[in-house]
Amino acid sequence: MRAFIFPGQGSQAVGMGRALAEASAAARALFEEVDDALGQNLTRLMAEGPEDTLTLTENAQPAIMANAMAVLRVLEREAGLDLADKAQFVAGHSLGEYTALCAAGTFDVATTARLLKLRGRSMQAAVPVGVGAMAALLGLDLAPVQEVAQEAAQGEVCAVANDNAPGQVVVSGHKDAVERAIALAKTAGAKRAMMLPVSAPFHCPLMQPAADAMAAALADVTLRPPAVMLYANVTAGPVEDPAEIRRLLVDQVTGMVRWRESVAAMAAAGVDHFVELGGKVLGPMVKRIAPDSRTSSVQSMDDIDALMKEI
């Protein structure tokens with residue numbers, strides 16, 4: 001069994017998608033579709049930078065989606081892939097969940113791009129710069145990090161944002177509380193505890209204004225049942241009902257990304273091959289969670305050729 005998985009923020013890089021667009025008319029058409037939907041030359045920003053502008057949340061989120069969907073479009077249009085035939089599940093890390101839903105036909109590309117532009121802008125605006133922070137606590141599993149976060153809060157917000165893999169957990173919240181969590185984590189035996197270079201404290205209750213914005217936006221969008229079952233971030237379980245997907249996408253803005261549990265659940269359901277489209281950040285996490293599984297990272301035309309020979 002196979003799952004197609006889609007990366008989240010942090011996988012952006014200047015130059016992303018450029019070689020694929022040069023090699024494939026299908027990829028170029030996908031990028032043009034995103035540009036038209038946003039009224040923005042995102043393709044040029046992805047290809048040429050500047051990096052600080054690409055890294056802005058409102059640009060990085062649709063860019064990462066566009067890059068992954070361009071790979072999928074080439075697989076479908078030029079290599080003959082039928083996602084519903086080759087994958088039993090889809091999943092994505094944070095914003096990657098929108099890409100997964102786009103891949104499965106719940107949203108079209110233009111709608112996905114506009115939703116992610118709004119999501120990125122709303123998440124950035126939810127908390128003034130400098131008020132929030134995120135930190136990676138490495139070498140501790142979920143339960144001890146939850147205890148650390150609770151102790152560090154002291155009346156402020158400090159919550160687990162991402163449970164990425166065994167020993168790789170991220171906390172998010174008020175800057176002072178996150179700094180306390182770093183100190184407490186080191187005392188609790190963390191191998192490393194460090195601030196992350198992010199512009200806002202994602203996936204914690206401070207993101208409620210962004211969740212409200214997404215609830216309003218999603219209420220105006222038609223969601224189709226996915227052609228391939230989605231494993232959702234906030235439940236780590238399968239979902240295909242459009243109304244439930246809409247609710248979970250809103251909850252995801254403030255909720256924990258349960259990536260470790262999601263991958264473990266897919267592996268328990270029989271998935272032994274995880275295919276990451278448009279990135280190479282999720283594969284190493286998957287191998288730590290499900291070490292007996294195969295992983296493929298597909299970004300280039302050579303990667304596309306290799307995958308089609310494999311499946």
# chains A, B, ... in the order shown; residues from 1 in each chain; ligands from 1
call {"tool": "residues_around", "arguments": {"residues": "segment 119-131 of chain A", "least_positions_apart": "3", "cutoff": "12 Å", "atoms": "only C-alpha atoms", "output": "PDB file with C-alpha atoms, in the first residue's frame"}}
result
ATOM      1  CA  GLY A   8       4.913  21.959   5.016  1.00  0.00           C
ATOM      2  CA  GLN A   9       6.555  25.302   5.637  1.00  0.00           C
ATOM      3  CA  LEU A  54       9.761  33.892  -0.591  1.00  0.00           C
ATOM      4  CA  THR A  55      10.050  32.945   3.092  1.00  0.00           C
ATOM      5  CA  LEU A  56       7.176  35.261   4.065  1.00  0.00           C
ATOM      6  CA  THR A  57       4.403  32.946   5.235  1.00  0.00           C
ATOM      7  CA  GLU A  58       1.861  34.279   2.728  1.00  0.00           C
ATOM      8  CA  ASN A  59       4.253  33.459  -0.130  1.00  0.00           C
ATOM      9  CA  ALA A  60       5.890  30.289   1.186  1.00  0.00           C
ATOM     10  CA  GLN A  61       2.597  28.461   1.733  1.00  0.00           C
ATOM     11  CA  PRO A  62       1.190  28.737  -1.812  1.00  0.00           C
ATOM     12  CA  ALA A  63       4.701  28.286  -3.265  1.00  0.00           C
ATOM     13  CA  ILE A  64       5.241  24.963  -1.506  1.00  0.00           C
ATOM     14  CA  SER A  94       0.378  21.530   8.186  1.00  0.00           C
ATOM     15  CA  LEU A  95      -0.119  23.539   4.966  1.00  0.00           C
ATOM     16  CA  TYR A  98      -4.216  21.564   1.727  1.00  0.00           C
ATOM     17  CA  THR A 112      -6.033  26.012  -2.867  1.00  0.00           C
ATOM     18  CA  ALA A 113      -3.639  28.801  -3.780  1.00  0.00           C
ATOM     19  CA  ARG A 114      -6.041  31.499  -2.615  1.00  0.00           C
ATOM     20  CA  LEU A 115      -6.812  29.664   0.634  1.00  0.00           C
ATOM     21  CA  LEU A 116      -3.122  29.245   1.426  1.00  0.00           C
ATOM     22  CA  MET A 134       8.511  28.288  18.450  1.00  0.00           C
ATOM     23  CA  GLU A 156       0.886  32.344  29.111  1.00  0.00           C
ATOM     24  CA  VAL A 157       0.482  30.074  26.098  1.00  0.00           C
ATOM     25  CA  SER A 172       4.754  27.159  20.275  1.00  0.00           C
ATOM     26  CA  GLY A 173       3.389  30.124  22.215  1.00  0.00           C
ATOM     27  CA  HIS A 174       4.421  33.322  23.954  1.00  0.00           C
ATOM     28  CA  LYS A 175       8.149  33.998  23.562  1.00  0.00           C
ATOM     29  CA  ASP A 176       8.922  34.069  27.281  1.00  0.00           C
ATOM     30  CA  ALA A 177       7.026  30.810  27.842  1.00  0.00           C
ATOM     31  CA  VAL A 178       8.839  29.112  24.968  1.00  0.00           C
ATOM     32  CA  GLU A 179      12.170  30.267  26.389  1.00  0.00           C
ATOM     33  CA  PRO A 197      13.536  30.929  12.795  1.00  0.00           C
ATOM     34  CA  VAL A 198       9.813  31.458  12.273  1.00  0.00           C
ATOM     35  CA  SER A 199       7.796  34.639  12.093  1.00  0.00           C
ATOM     36  CA  ALA A 200       4.828  33.550  14.195  1.00  0.00           C
ATOM     37  CA  PRO A 201       3.845  30.901  16.799  1.00  0.00           C
ATOM     38  CA  PHE A 202       1.986  28.454  14.572  1.00  0.00           C
ATOM     39  CA  HIS A 203      -0.348  25.679  15.781  1.00  0.00           C
ATOM     40  CA  CYS A 204      -1.163  27.054  19.211  1.00  0.00           C
ATOM     41  CA  PRO A 205      -4.128  28.949  20.705  1.00  0.00           C
ATOM     42  CA  LEU A 206      -2.545  32.308  19.799  1.00  0.00           C
ATOM     43  CA  MET A 207      -3.528  31.504  16.203  1.00  0.00           C
ATOM     44  CA  GLN A 208      -7.263  31.769  16.953  1.00  0.00           C
ATOM     45  CA  PRO A 209      -7.722  34.931  14.809  1.00  0.00           C
ATOM     46  CA  ALA A 210      -6.278  32.997  11.854  1.00  0.00           C
ATOM     47  CA  ALA A 211      -8.577  30.055  12.605  1.00  0.00           C
ATOM     48  CA  ASP A 212     -11.548  32.424  12.524  1.00  0.00           C
ATOM     49  CA  ALA A 213     -10.403  33.802   9.172  1.00  0.00           C
ATOM     50  CA  MET A 214     -10.061  30.308   7.728  1.00  0.00           C
ATOM     51  CA  ALA A 215     -13.481  29.291   9.065  1.00  0.00           C
ATOM     52  CA  ALA A 216     -15.032  32.212   7.190  1.00  0.00           C
ATOM     53  CA  ALA A 217     -13.096  31.494   3.997  1.00  0.00           C
ATOM     54  CA  LEU A 218     -13.787  27.764   4.020  1.00  0.00           C
ATOM     55  CA  LEU A 249      -8.850  22.427   8.594  1.00  0.00           C
ATOM     56  CA  VAL A 250     -10.072  25.156  10.936  1.00  0.00           C
ATOM     57  CA  GLN A 252      -5.616  22.581  12.465  1.00  0.00           C
ATOM     58  CA  VAL A 253      -4.656  26.272  12.662  1.00  0.00           C
ATOM     59  CA  THR A 254      -4.555  26.214  16.463  1.00  0.00           C
TER      60      THR A 254
END
call {"tool": "residues_around", "arguments": {"residues": "Ala236 of chain A", "least_positions_apart": "5", "cutoff": "9 Å", "atoms": "only C-alpha atoms", "output": "list in words"}}
result
Tyr231, Val257, Arg258, Trp259, Arg260, Glu261, Ser262, Val263, Ala264, Ala265 and Met266 of chain A
call {"tool": "write_last_selection", "arguments": {"atoms": "C-alpha atoms", "output": "JSON list (two decimals), in the first residue's frame"}}
result
[["chain", "number", "residue", "atom", "x", "y", "z"],
["A", 231, "TYR", "CA", -5.19, 11.22, 7.14],
["A", 257, "VAL", "CA", 0.12, 18.52, 13.94],
["A", 258, "ARG", "CA", 0.05, 14.84, 14.89],
["A", 259, "TRP", "CA", 2.46, 13.76, 12.17],
["A", 260, "ARG", "CA", 4.12, 10.92, 14.09],
["A", 261, "GLU", "CA", 0.77, 9.37, 14.91],
["A", 262, "SER", "CA", -0.52, 9.90, 11.36],
["A", 263, "VAL", "CA", 2.41, 8.06, 9.78],
["A", 264, "ALA", "CA", 2.23, 5.29, 12.39],
["A", 265, "ALA", "CA", -1.50, 4.90, 11.73],
["A", 266, "MET", "CA", -0.99, 4.70, 7.97]]
call {"tool": "closest_residue", "arguments": {"among": "A:Ala84, A:Ala161, A:Met46, A:Ala29", "to": "Met16 of chain A", "atoms": "only C-alpha atoms"}}
result
A:Met46
